[in-house]
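Structure below is data10.cif: mmCIF, C-alpha atoms.
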data_input
loop_
_atom_site.group_PDB
_atom_site.id
_atom_site.type_symbol
_atom_site.label_atom_id
_atom_site.label_comp_id
_atom_site.auth_asym_id
_atom_site.auth_seq_id
_atom_site.Cartn_x
_atom_site.Cartn_y
_atom_site.Cartn_z
ATOM 1 C CA MET N 1 115.358 -37.717 -137.812
ATOM 2 C CA GLY N 2 115.130 -36.143 -141.257
ATOM 3 C CA ASN N 3 116.817 -32.849 -140.475
ATOM 4 C CA VAL N 4 120.345 -32.294 -141.745
ATOM 5 C CA MET N 5 122.674 -31.316 -138.937
ATOM 6 C CA TYR N 6 124.183 -27.995 -139.915
ATOM 7 C CA GLY N 7 126.714 -25.865 -138.119
ATOM 8 C CA LYS N 8 130.141 -26.236 -136.550
ATOM 9 C CA LYS N 9 129.046 -28.060 -133.397
ATOM 10 C CA ASP N 10 126.381 -30.343 -134.811
ATOM 11 C CA ASN N 11 128.361 -33.380 -135.998
ATOM 12 C CA MET N 12 126.969 -35.737 -133.344
ATOM 13 C CA TYR N 13 127.438 -38.709 -135.632
ATOM 14 C CA ASP N 14 130.478 -39.452 -137.748
ATOM 15 C CA ASN N 15 128.817 -40.551 -140.954
ATOM 16 C CA LEU N 16 128.938 -39.971 -144.687
ATOM 17 C CA LEU N 17 126.522 -37.028 -144.649
ATOM 18 C CA SER N 18 128.002 -35.284 -141.617
ATOM 19 C CA ARG N 19 131.470 -35.520 -143.152
ATOM 20 C CA LYS N 20 130.138 -34.169 -146.430
ATOM 21 C CA TRP N 21 128.519 -31.256 -144.597
ATOM 22 C CA LYS N 22 131.637 -30.559 -142.514
ATOM 23 C CA LYS N 23 133.712 -30.292 -145.678
ATOM 24 C CA ARG N 24 131.192 -27.950 -147.285
ATOM 25 C CA TYR N 25 130.937 -25.836 -144.139
ATOM 26 C CA GLU N 26 134.696 -25.433 -143.923
ATOM 27 C CA GLU N 27 134.814 -24.265 -147.532
ATOM 28 C CA GLN N 28 132.620 -21.266 -146.703
ATOM 29 C CA SER N 29 133.859 -17.824 -145.729
ATOM 30 C CA ALA N 30 134.026 -16.857 -142.063
ATOM 31 C CA GLU N 31 131.012 -14.585 -142.587
ATOM 32 C CA VAL N 32 128.904 -17.383 -144.050
ATOM 33 C CA GLN N 33 129.988 -19.791 -141.314
ATOM 34 C CA LYS N 34 128.887 -17.259 -138.706
ATOM 35 C CA LYS N 35 125.464 -16.909 -140.351
ATOM 36 C CA LEU N 36 125.096 -20.692 -140.481
ATOM 37 C CA ASP N 37 125.973 -20.957 -136.801
ATOM 38 C CA GLU N 38 123.442 -18.225 -135.985
ATOM 39 C CA LEU N 39 120.769 -20.056 -137.965
ATOM 40 C CA GLY N 40 121.426 -23.165 -135.886
ATOM 41 C CA GLU N 41 120.839 -21.156 -132.697
ATOM 42 C CA LYS N 42 117.554 -19.551 -133.831
ATOM 43 C CA ASN N 43 114.081 -20.573 -132.781
ATOM 44 C CA TRP N 44 112.453 -22.452 -135.662
ATOM 45 C CA LYS N 45 109.655 -19.873 -135.751
ATOM 46 C CA ASP N 46 112.201 -17.257 -136.855
ATOM 47 C CA TYR N 47 112.978 -19.073 -140.117
ATOM 48 C CA GLN N 48 109.793 -21.052 -140.813
ATOM 49 C CA LEU N 49 108.352 -20.953 -144.336
ATOM 50 C CA LYS N 50 105.656 -18.387 -144.998
ATOM 51 C CA THR N 51 102.078 -19.628 -144.990
ATOM 52 C CA ILE N 52 100.713 -19.343 -148.532
ATOM 53 C CA LYS N 53 97.311 -21.034 -148.463
ATOM 54 C CA ARG N 54 96.047 -24.091 -146.622
ATOM 55 C CA LYS N 55 94.676 -27.018 -148.617
ATOM 56 C CA ARG N 56 93.122 -30.206 -147.306
ATOM 57 C CA ALA N 57 93.427 -32.226 -150.512
ATOM 58 C CA TYR N 58 96.048 -34.954 -150.279
ATOM 59 C CA PRO N 59 98.863 -34.281 -152.805
ATOM 60 C CA GLU N 60 99.186 -36.469 -155.882
ATOM 61 C CA ILE N 61 102.350 -37.661 -157.625
ATOM 62 C CA GLY N 62 103.442 -34.910 -160.022
ATOM 63 C CA ASP N 63 101.842 -32.111 -158.008
ATOM 64 C CA VAL N 64 103.904 -28.944 -158.330
ATOM 65 C CA PHE N 65 103.900 -26.743 -155.235
ATOM 66 C CA LEU N 66 105.273 -23.364 -154.197
ATOM 67 C CA VAL N 67 107.363 -22.611 -151.116
ATOM 68 C CA GLU N 68 107.966 -19.094 -149.802
ATOM 69 C CA PRO N 69 111.008 -18.935 -147.493
ATOM 70 C CA VAL N 70 111.241 -15.144 -147.774
ATOM 71 C CA GLU N 71 108.343 -12.750 -148.282
ATOM 72 C CA GLY N 72 107.494 -12.590 -151.985
ATOM 73 C CA LYS N 73 110.269 -15.027 -153.031
ATOM 74 C CA TYR N 74 108.937 -18.326 -154.354
ATOM 75 C CA PHE N 75 110.670 -21.573 -155.207
ATOM 76 C CA TRP N 76 108.962 -24.686 -156.500
ATOM 77 C CA GLY N 77 108.926 -28.373 -155.765
ATOM 78 C CA VAL N 78 107.256 -31.560 -156.937
ATOM 79 C CA VAL N 79 105.768 -34.647 -155.298
ATOM 80 C CA VAL N 80 107.589 -37.719 -156.642
ATOM 81 C CA ASN N 81 105.846 -40.335 -154.493
ATOM 82 C CA ASN N 82 102.939 -40.454 -152.063
ATOM 83 C CA HIS N 83 100.890 -42.769 -149.839
ATOM 84 C CA ILE N 84 104.096 -44.038 -148.227
ATOM 85 C CA TYR N 85 103.756 -46.260 -145.192
ATOM 86 C CA ASN N 86 106.924 -47.108 -143.299
ATOM 87 C CA ILE N 87 108.293 -47.329 -139.769
ATOM 88 C CA ASP N 88 108.317 -43.518 -139.507
ATOM 89 C CA GLY N 89 104.678 -42.858 -140.339
ATOM 90 C CA ASP N 90 101.656 -43.205 -142.606
ATOM 91 C CA ASP N 91 100.650 -41.458 -145.831
ATOM 92 C CA LEU N 92 104.044 -39.799 -146.178
ATOM 93 C CA LEU N 93 105.358 -38.193 -149.378
ATOM 94 C CA VAL N 94 108.694 -37.782 -151.159
ATOM 95 C CA ILE N 95 109.356 -34.298 -152.492
ATOM 96 C CA MET N 96 112.070 -32.465 -154.392
ATOM 97 C CA ILE N 97 112.566 -28.692 -154.356
ATOM 98 C CA PHE N 98 114.507 -26.863 -157.057
ATOM 99 C CA ARG N 99 116.841 -23.872 -157.115
ATOM 100 C CA GLU N 100 114.756 -22.204 -159.795
ATOM 101 C CA ARG N 101 112.626 -19.250 -158.668
ATOM 102 C CA VAL N 102 108.999 -18.957 -159.812
ATOM 103 C CA TYR N 103 107.509 -15.713 -161.072
ATOM 104 C CA GLY N 104 103.830 -15.199 -161.912
ATOM 105 C CA LYS N 105 102.583 -17.851 -164.343
ATOM 106 C CA GLU N 106 106.008 -19.259 -165.193
ATOM 107 C CA TYR N 107 105.047 -22.552 -163.589
ATOM 108 C CA ASN N 108 103.445 -23.526 -166.906
ATOM 109 C CA ASN N 109 106.928 -24.225 -168.313
ATOM 110 C CA LEU N 110 108.718 -25.817 -165.372
ATOM 111 C CA LYS N 111 111.162 -28.613 -166.187
ATOM 112 C CA ILE N 112 112.449 -31.326 -163.872
ATOM 113 C CA ASP N 113 116.231 -31.002 -163.589
ATOM 114 C CA THR N 114 117.633 -33.214 -160.849
ATOM 115 C CA LYS N 115 121.020 -31.493 -161.185
ATOM 116 C CA ASN N 116 119.356 -28.283 -160.032
ATOM 117 C CA LEU N 117 117.952 -29.277 -156.642
ATOM 118 C CA LEU N 118 117.842 -26.673 -153.899
ATOM 119 C CA ILE N 119 117.872 -29.329 -151.173
ATOM 120 C CA ASP N 120 118.201 -33.111 -151.155
ATOM 121 C CA PRO N 121 115.080 -35.277 -151.623
ATOM 122 C CA CYS N 122 112.974 -35.341 -148.464
ATOM 123 C CA ILE N 123 110.254 -37.445 -146.902
ATOM 124 C CA VAL N 124 107.520 -35.236 -145.450
ATOM 125 C CA GLY N 125 104.029 -35.430 -143.990
ATOM 126 C CA LYS N 126 100.892 -33.965 -145.544
ATOM 127 C CA GLU N 127 100.838 -31.257 -142.847
ATOM 128 C CA TYR N 128 103.131 -29.180 -145.064
ATOM 129 C CA TRP N 129 100.065 -28.686 -147.275
ATOM 130 C CA THR N 130 97.364 -28.550 -144.617
ATOM 131 C CA ARG N 131 99.329 -25.807 -142.848
ATOM 132 C CA GLY N 132 99.827 -23.924 -146.103
ATOM 133 C CA LEU N 133 103.622 -24.123 -146.190
ATOM 134 C CA PHE N 134 103.425 -25.937 -149.538
ATOM 135 C CA TYR N 135 100.824 -24.702 -152.004
ATOM 136 C CA THR N 136 99.936 -26.865 -155.005
ATOM 137 C CA ILE N 137 99.589 -24.945 -158.271
ATOM 138 C CA THR N 138 99.534 -27.581 -161.021
ATOM 139 C CA ASN N 139 100.404 -31.186 -161.870
ATOM 140 C CA ILE N 140 102.983 -32.554 -164.308
ATOM 141 C CA ASN N 141 103.461 -36.057 -165.704
ATOM 142 C CA LEU N 142 106.524 -37.778 -164.230
ATOM 143 C CA GLU N 143 106.142 -41.118 -166.033
ATOM 144 C CA SER N 144 108.878 -40.397 -168.576
ATOM 145 C CA ILE N 145 111.323 -38.999 -166.005
ATOM 146 C CA LYS N 146 113.816 -41.347 -164.361
ATOM 147 C CA LEU N 147 114.419 -40.416 -160.745
ATOM 148 C CA ASN N 148 117.182 -42.373 -159.042
ATOM 149 C CA TYR N 149 116.984 -41.339 -155.399
ATOM 150 C CA GLY N 150 117.294 -42.891 -151.975
ATOM 151 C CA PHE N 151 117.860 -42.105 -148.320
ATOM 152 C CA TYR N 152 120.942 -42.635 -146.177
ATOM 153 C CA ASN N 153 120.440 -44.019 -142.691
ATOM 154 C CA ILE N 154 123.076 -42.372 -140.491
ATOM 155 C CA PHE N 155 122.841 -45.091 -137.820
ATOM 156 C CA LYS N 156 123.100 -48.097 -140.128
ATOM 157 C CA GLY N 157 125.387 -46.486 -142.710
ATOM 158 C CA LYS N 158 123.224 -47.861 -145.528
ATOM 159 C CA TYR N 159 120.896 -46.568 -148.243
ATOM 160 C CA PHE N 160 117.174 -47.286 -148.297
ATOM 161 C CA ASP N 161 114.180 -46.370 -150.408
ATOM 162 C CA GLU N 162 111.207 -44.562 -148.865
ATOM 163 C CA LEU N 163 109.524 -47.871 -148.015
ATOM 164 C CA GLY N 164 112.468 -49.037 -145.929
ATOM 165 C CA LYS N 165 113.961 -51.445 -148.462
ATOM 166 C CA GLU N 166 117.755 -51.455 -148.539
ATOM 167 C CA LEU N 167 119.280 -50.307 -151.829
ATOM 168 C CA LYS N 168 122.107 -52.325 -153.328
ATOM 169 C CA CYS N 169 123.597 -49.364 -155.209
ATOM 170 C CA VAL N 170 124.257 -45.780 -154.149
ATOM 171 C CA PRO N 171 121.475 -43.613 -155.663
ATOM 172 C CA ASP N 172 122.222 -40.483 -157.692
ATOM 173 C CA LEU N 173 120.191 -38.312 -155.305
ATOM 174 C CA VAL N 174 120.569 -38.898 -151.576
ATOM 175 C CA GLY N 175 118.469 -37.546 -148.743
ATOM 176 C CA ILE N 176 118.415 -38.401 -145.037
ATOM 177 C CA ASP N 177 116.425 -41.461 -144.032
ATOM 178 C CA GLY N 178 113.542 -40.282 -141.859
ATOM 179 C CA VAL N 179 110.666 -37.827 -141.900
ATOM 180 C CA CYS N 180 111.581 -34.155 -142.142
ATOM 181 C CA THR N 181 110.052 -32.196 -139.268
ATOM 182 C CA ILE N 182 107.567 -29.377 -139.852
ATOM 183 C CA SER N 183 110.451 -26.877 -139.602
ATOM 184 C CA GLY N 184 113.034 -29.067 -141.313
ATOM 185 C CA ILE N 185 112.470 -27.936 -144.893
ATOM 186 C CA ALA N 186 112.708 -24.286 -143.860
ATOM 187 C CA TYR N 187 116.015 -24.982 -142.094
ATOM 188 C CA LYS N 188 117.473 -26.711 -145.131
ATOM 189 C CA ILE N 189 116.315 -23.993 -147.518
ATOM 190 C CA ASN N 190 117.551 -21.151 -145.332
ATOM 191 C CA THR N 191 120.926 -22.853 -145.137
ATOM 192 C CA GLU N 192 121.146 -22.785 -148.925
ATOM 193 C CA LEU N 193 120.030 -19.143 -149.045
ATOM 194 C CA ILE N 194 122.875 -18.237 -146.679
ATOM 195 C CA ILE N 195 125.470 -20.133 -148.716
ATOM 196 C CA ASP N 196 124.283 -18.752 -152.077
ATOM 197 C CA GLU N 197 122.878 -15.228 -151.787
ATOM 198 C CA THR N 198 122.216 -15.091 -155.543
ATOM 199 C CA LEU N 199 119.222 -17.380 -155.018
ATOM 200 C CA LEU N 200 117.230 -14.391 -153.796
ATOM 201 C CA ALA N 201 118.543 -11.913 -156.339
ATOM 202 C CA ASP N 202 115.975 -10.387 -158.732
#

What would you get if you wrote out this structure as structure tokens?
Amino acid sequence: MGNVMYGKKDNMYDNLLSRKWKKRYEEQSAEVQKKLDELGEKNWKDYQLKTIKRKRAYPEIGDVFLVEPVEGKYFWGVVVNNHIYNIDGDDLLVIMIFRERVYGKEYNNLKIDTKNLLIDPCIVGKEYWTRGLFYTITNINLESIKLNYGFYNIFKGKYFDELGKELKCVPDLVGIDGVCTISGIAYKINTELIIDETLLAD
């Protein structure tokens, strides 16, 4: 679990997120729909994130990291929680990735804007860093920032936090309940790059 099901034929489960995706998919042009379908048929190695630099250090809350979905094109994300132990695994992390591109040393002035997410919040393993797909560049203080997020379980039709506790209210930011696979982030990001080509414009 953890990967959004994209594409015309991928609505295996009739749930809130699949219906939301179906609506969004149908709003796209025929050309974009075709590219999304083609992405769903590709081998994950064909769209995996670029390896930047491997690091063994376990990420801390507030760590800002780079992702490189296309050669020389960098986006940034932040760790919002870590050392998560739940039914899906140990020492997991919650991350958010933003639509804002990073150039040179611009990461010194990055601002958290939850209305500007590139993909929904995700639960990931530390292998994203040890394999060099995420590369930590700095750390920012998140104590003064209110982050109202949660994860939707497509089987139970309910919202949970990253520790598996059911949420009584629908969070502002909703991801899929479960750990995102090692290719999952790349799939989500490439989907957004297909839908909005301006994300890669210089």

- request: Pull out every residue that the PyMOL selection byres ((chain N and resi 173) around 12) matches in the shown coordinates and put them as JSON, numbers by chain.
  value: {"N": [95, 96, 113, 114, 115, 116, 117, 118, 119, 120, 121, 122, 146, 147, 148, 149, 150, 151, 152, 159, 160, 161, 169, 170, 171, 172, 174, 175, 176]}

Any chance you could export the current selection's C-alpha atoms as a short mmCIF file (atom, residue, chain, number, x, y, z; two decimals), keeping the file's coordinate frame?
data_model
loop_
_atom_site.label_atom_id
_atom_site.label_comp_id
_atom_site.auth_asym_id
_atom_site.auth_seq_id
_atom_site.Cartn_x
_atom_site.Cartn_y
_atom_site.Cartn_z
CA ILE N 95 109.36 -34.30 -152.49
CA MET N 96 112.07 -32.47 -154.39
CA ASP N 113 116.23 -31.00 -163.59
CA THR N 114 117.63 -33.21 -160.85
CA LYS N 115 121.02 -31.49 -161.18
CA ASN N 116 119.36 -28.28 -160.03
CA LEU N 117 117.95 -29.28 -156.64
CA LEU N 118 117.84 -26.67 -153.90
CA ILE N 119 117.87 -29.33 -151.17
CA ASP N 120 118.20 -33.11 -151.16
CA PRO N 121 115.08 -35.28 -151.62
CA CYS N 122 112.97 -35.34 -148.46
CA LYS N 146 113.82 -41.35 -164.36
CA LEU N 147 114.42 -40.42 -160.74
CA ASN N 148 117.18 -42.37 -159.04
CA TYR N 149 116.98 -41.34 -155.40
CA GLY N 150 117.29 -42.89 -151.98
CA PHE N 151 117.86 -42.10 -148.32
CA TYR N 152 120.94 -42.64 -146.18
CA TYR N 159 120.90 -46.57 -148.24
CA PHE N 160 117.17 -47.29 -148.30
CA ASP N 161 114.18 -46.37 -150.41
CA CYS N 169 123.60 -49.36 -155.21
CA VAL N 170 124.26 -45.78 -154.15
CA PRO N 171 121.48 -43.61 -155.66
CA ASP N 172 122.22 -40.48 -157.69
CA VAL N 174 120.57 -38.90 -151.58
CA GLY N 175 118.47 -37.55 -148.74
CA ILE N 176 118.42 -38.40 -145.04
#

field: Distance criterion (all atoms listed in the file): nearest to N:Asn86 out of N:Ile140, N:Gly178, N:Glu192, N:Trp44
entry: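 Selected residue with least distance to N:Asn86: N:Gly178.
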
query: How far is it from atom CA of N:Glu27 to atom CA of N:Lys158, in Å with one decimal?
result: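 So the answer is 26.4 Å.
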
Axis-aligned box over every listed atom of stretch 119-125 of chain N, padded by 5 Å per side: centre and edges in Å to one decimal, as JSON?
{"center_x": 111.1, "center_y": -33.4, "center_z": -147.8, "size_x": 24.2, "size_y": 18.1, "size_z": 17.6}

task: For atom CA of N:Ala186 and atom CA of N:Gln48, determine how far apart the two atoms are, in Å to one decimal place.
output: 5.3 Å

- request: Expand the PyMOL selection byres ((chain N and resi 194) around 10) into the individual residues it matches in the shown file, reporting them as an NGL selection string.
  value: :N and (31-33 or 35-36 or 39 or 189-193 or 195-200)

- prompt: Quick one, how far is atom CA of N:Lys53 from atom CA of N:Leu142?
  reply: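 The value is 24.8 Å.
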
message: Please determine, counting only C-alpha atoms, which residue among N:Asp37, N:Glu143, N:Glu68, N:Asp177 has the shortest atom-to-atom distance to N:Lys156.
response: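 The closest residue to N:Lys156 is N:Asp177.
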
Write stretch 88-99 of chain N as a PDB file, keeping the file's coordinate frame, completed to all heavy atoms.
ATOM      1  N   ASP N  88     108.349 -44.897-140.000  1.00  0.00           N
ATOM      2  CA  ASP N  88     108.317 -43.518-139.507  1.00  0.00           C
ATOM      3  C   ASP N  88     106.937 -42.867-139.552  1.00  0.00           C
ATOM      4  O   ASP N  88     106.732 -41.808-138.973  1.00  0.00           O
ATOM      5  CB  ASP N  88     109.295 -42.654-140.318  1.00  0.00           C
ATOM      6  CG  ASP N  88     110.729 -43.077-140.092  1.00  0.00           C
ATOM      7  OD1 ASP N  88     111.111 -43.274-138.927  1.00  0.00           O
ATOM      8  OD2 ASP N  88     111.476 -43.218-141.076  1.00  0.00           O
ATOM      9  N   GLY N  89     105.987 -43.476-140.281  1.00  0.00           N
ATOM     10  CA  GLY N  89     104.678 -42.858-140.339  1.00  0.00           C
ATOM     11  C   GLY N  89     103.811 -43.379-141.473  1.00  0.00           C
ATOM     12  O   GLY N  89     104.201 -44.282-142.213  1.00  0.00           O
ATOM     13  N   ASP N  90     102.625 -42.790-141.601  1.00  0.00           N
ATOM     14  CA  ASP N  90     101.656 -43.205-142.606  1.00  0.00           C
ATOM     15  C   ASP N  90     101.362 -42.065-143.575  1.00  0.00           C
ATOM     16  O   ASP N  90     101.407 -40.884-143.211  1.00  0.00           O
ATOM     17  CB  ASP N  90     100.343 -43.624-141.937  1.00  0.00           C
ATOM     18  CG  ASP N  90     100.526 -44.788-140.981  1.00  0.00           C
ATOM     19  OD1 ASP N  90     101.484 -45.554-141.186  1.00  0.00           O
ATOM     20  OD2 ASP N  90      99.719 -44.913-140.040  1.00  0.00           O
ATOM     21  N   ASP N  91     101.048 -42.433-144.808  1.00  0.00           N
ATOM     22  CA  ASP N  91     100.650 -41.458-145.831  1.00  0.00           C
ATOM     23  C   ASP N  91     101.696 -40.358-146.027  1.00  0.00           C
ATOM     24  O   ASP N  91     101.362 -39.184-146.225  1.00  0.00           O
ATOM     25  CB  ASP N  91      99.290 -40.842-145.502  1.00  0.00           C
ATOM     26  CG  ASP N  91      98.209 -41.345-146.458  1.00  0.00           C
ATOM     27  OD1 ASP N  91      98.551 -42.073-147.414  1.00  0.00           O
ATOM     28  OD2 ASP N  91      97.039 -40.993-146.275  1.00  0.00           O
ATOM     29  N   LEU N  92     102.952 -40.741-145.970  1.00  0.00           N
ATOM     30  CA  LEU N  92     104.044 -39.799-146.178  1.00  0.00           C
ATOM     31  C   LEU N  92     104.257 -39.555-147.667  1.00  0.00           C
ATOM     32  O   LEU N  92     103.691 -40.253-148.512  1.00  0.00           O
ATOM     33  CB  LEU N  92     105.327 -40.338-145.542  1.00  0.00           C
ATOM     34  CG  LEU N  92     105.252 -40.625-144.042  1.00  0.00           C
ATOM     35  CD1 LEU N  92     106.490 -41.356-143.569  1.00  0.00           C
ATOM     36  CD2 LEU N  92     105.058 -39.327-143.251  1.00  0.00           C
ATOM     37  N   LEU N  93     105.090 -38.557-147.991  1.00  0.00           N
ATOM     38  CA  LEU N  93     105.358 -38.193-149.378  1.00  0.00           C
ATOM     39  C   LEU N  93     106.847 -37.928-149.575  1.00  0.00           C
ATOM     40  O   LEU N  93     107.537 -37.510-148.644  1.00  0.00           O
ATOM     41  CB  LEU N  93     104.576 -36.937-149.786  1.00  0.00           C
ATOM     42  CG  LEU N  93     103.072 -36.941-149.508  1.00  0.00           C
ATOM     43  CD1 LEU N  93     102.777 -36.173-148.228  1.00  0.00           C
ATOM     44  CD2 LEU N  93     102.285 -36.364-150.671  1.00  0.00           C
ATOM     45  N   VAL N  94     107.329 -38.164-150.792  1.00  0.00           N
ATOM     46  CA  VAL N  94     108.694 -37.782-151.159  1.00  0.00           C
ATOM     47  C   VAL N  94     108.604 -36.557-152.050  1.00  0.00           C
ATOM     48  O   VAL N  94     107.834 -36.532-153.019  1.00  0.00           O
ATOM     49  CB  VAL N  94     109.426 -38.915-151.914  1.00  0.00           C
ATOM     50  CG1 VAL N  94     110.809 -38.440-152.359  1.00  0.00           C
ATOM     51  CG2 VAL N  94     109.560 -40.143-151.043  1.00  0.00           C
ATOM     52  N   ILE N  95     109.388 -35.535-151.709  1.00  0.00           N
ATOM     53  CA  ILE N  95     109.356 -34.298-152.492  1.00  0.00           C
ATOM     54  C   ILE N  95     110.768 -33.882-152.900  1.00  0.00           C
ATOM     55  O   ILE N  95     111.751 -34.273-152.268  1.00  0.00           O
ATOM     56  CB  ILE N  95     108.677 -33.144-151.717  1.00  0.00           C
ATOM     57  CG1 ILE N  95     109.420 -32.868-150.378  1.00  0.00           C
ATOM     58  CG2 ILE N  95     107.214 -33.478-151.442  1.00  0.00           C
ATOM     59  CD1 ILE N  95     110.322 -31.676-150.399  1.00  0.00           C
ATOM     60  N   MET N  96     110.829 -33.105-153.969  1.00  0.00           N
ATOM     61  CA  MET N  96     112.070 -32.465-154.392  1.00  0.00           C
ATOM     62  C   MET N  96     111.776 -30.993-154.606  1.00  0.00           C
ATOM     63  O   MET N  96     110.714 -30.636-155.130  1.00  0.00           O
ATOM     64  CB  MET N  96     112.594 -33.092-155.687  1.00  0.00           C
ATOM     65  CG  MET N  96     113.024 -34.530-155.549  1.00  0.00           C
ATOM     66  SD  MET N  96     113.672 -35.214-157.104  1.00  0.00           S
ATOM     67  CE  MET N  96     113.988 -36.912-156.598  1.00  0.00           C
ATOM     68  N   ILE N  97     112.708 -30.136-154.191  1.00  0.00           N
ATOM     69  CA  ILE N  97     112.566 -28.692-154.356  1.00  0.00           C
ATOM     70  C   ILE N  97     113.758 -28.189-155.167  1.00  0.00           C
ATOM     71  O   ILE N  97     114.891 -28.600-154.926  1.00  0.00           O
ATOM     72  CB  ILE N  97     112.481 -27.968-152.998  1.00  0.00           C
ATOM     73  CG1 ILE N  97     111.231 -28.448-152.237  1.00  0.00           C
ATOM     74  CG2 ILE N  97     112.439 -26.453-153.187  1.00  0.00           C
ATOM     75  CD1 ILE N  97     111.095 -27.854-150.839  1.00  0.00           C
ATOM     76  N   PHE N  98     113.493 -27.294-156.104  1.00  0.00           N
ATOM     77  CA  PHE N  98     114.507 -26.863-157.057  1.00  0.00           C
ATOM     78  C   PHE N  98     115.008 -25.449-156.787  1.00  0.00           C
ATOM     79  O   PHE N  98     114.337 -24.645-156.133  1.00  0.00           O
ATOM     80  CB  PHE N  98     113.932 -26.961-158.477  1.00  0.00           C
ATOM     81  CG  PHE N  98     113.520 -28.367-158.823  1.00  0.00           C
ATOM     82  CD1 PHE N  98     112.247 -28.828-158.524  1.00  0.00           C
ATOM     83  CD2 PHE N  98     114.416 -29.243-159.411  1.00  0.00           C
ATOM     84  CE1 PHE N  98     111.866 -30.140-158.802  1.00  0.00           C
ATOM     85  CE2 PHE N  98     114.051 -30.548-159.705  1.00  0.00           C
ATOM     86  CZ  PHE N  98     112.771 -30.996-159.394  1.00  0.00           C
ATOM     87  N   ARG N  99     116.193 -25.174-157.315  1.00  0.00           N
ATOM     88  CA  ARG N  99     116.841 -23.872-157.115  1.00  0.00           C
ATOM     89  C   ARG N  99     116.198 -22.773-157.961  1.00  0.00           C
ATOM     90  O   ARG N  99     116.489 -21.594-157.777  1.00  0.00           O
ATOM     91  CB  ARG N  99     118.323 -23.977-157.482  1.00  0.00           C
ATOM     92  CG  ARG N  99     119.106 -24.947-156.639  1.00  0.00           C
ATOM     93  CD  ARG N  99     120.539 -25.088-157.116  1.00  0.00           C
ATOM     94  NE  ARG N  99     121.306 -23.879-156.893  1.00  0.00           N
ATOM     95  CZ  ARG N  99     121.922 -23.585-155.752  1.00  0.00           C
ATOM     96  NH1 ARG N  99     121.865 -24.438-154.728  1.00  0.00           N
ATOM     97  NH2 ARG N  99     122.615 -22.480-155.616  1.00  0.00           N
TER      98      ARG N  99
END
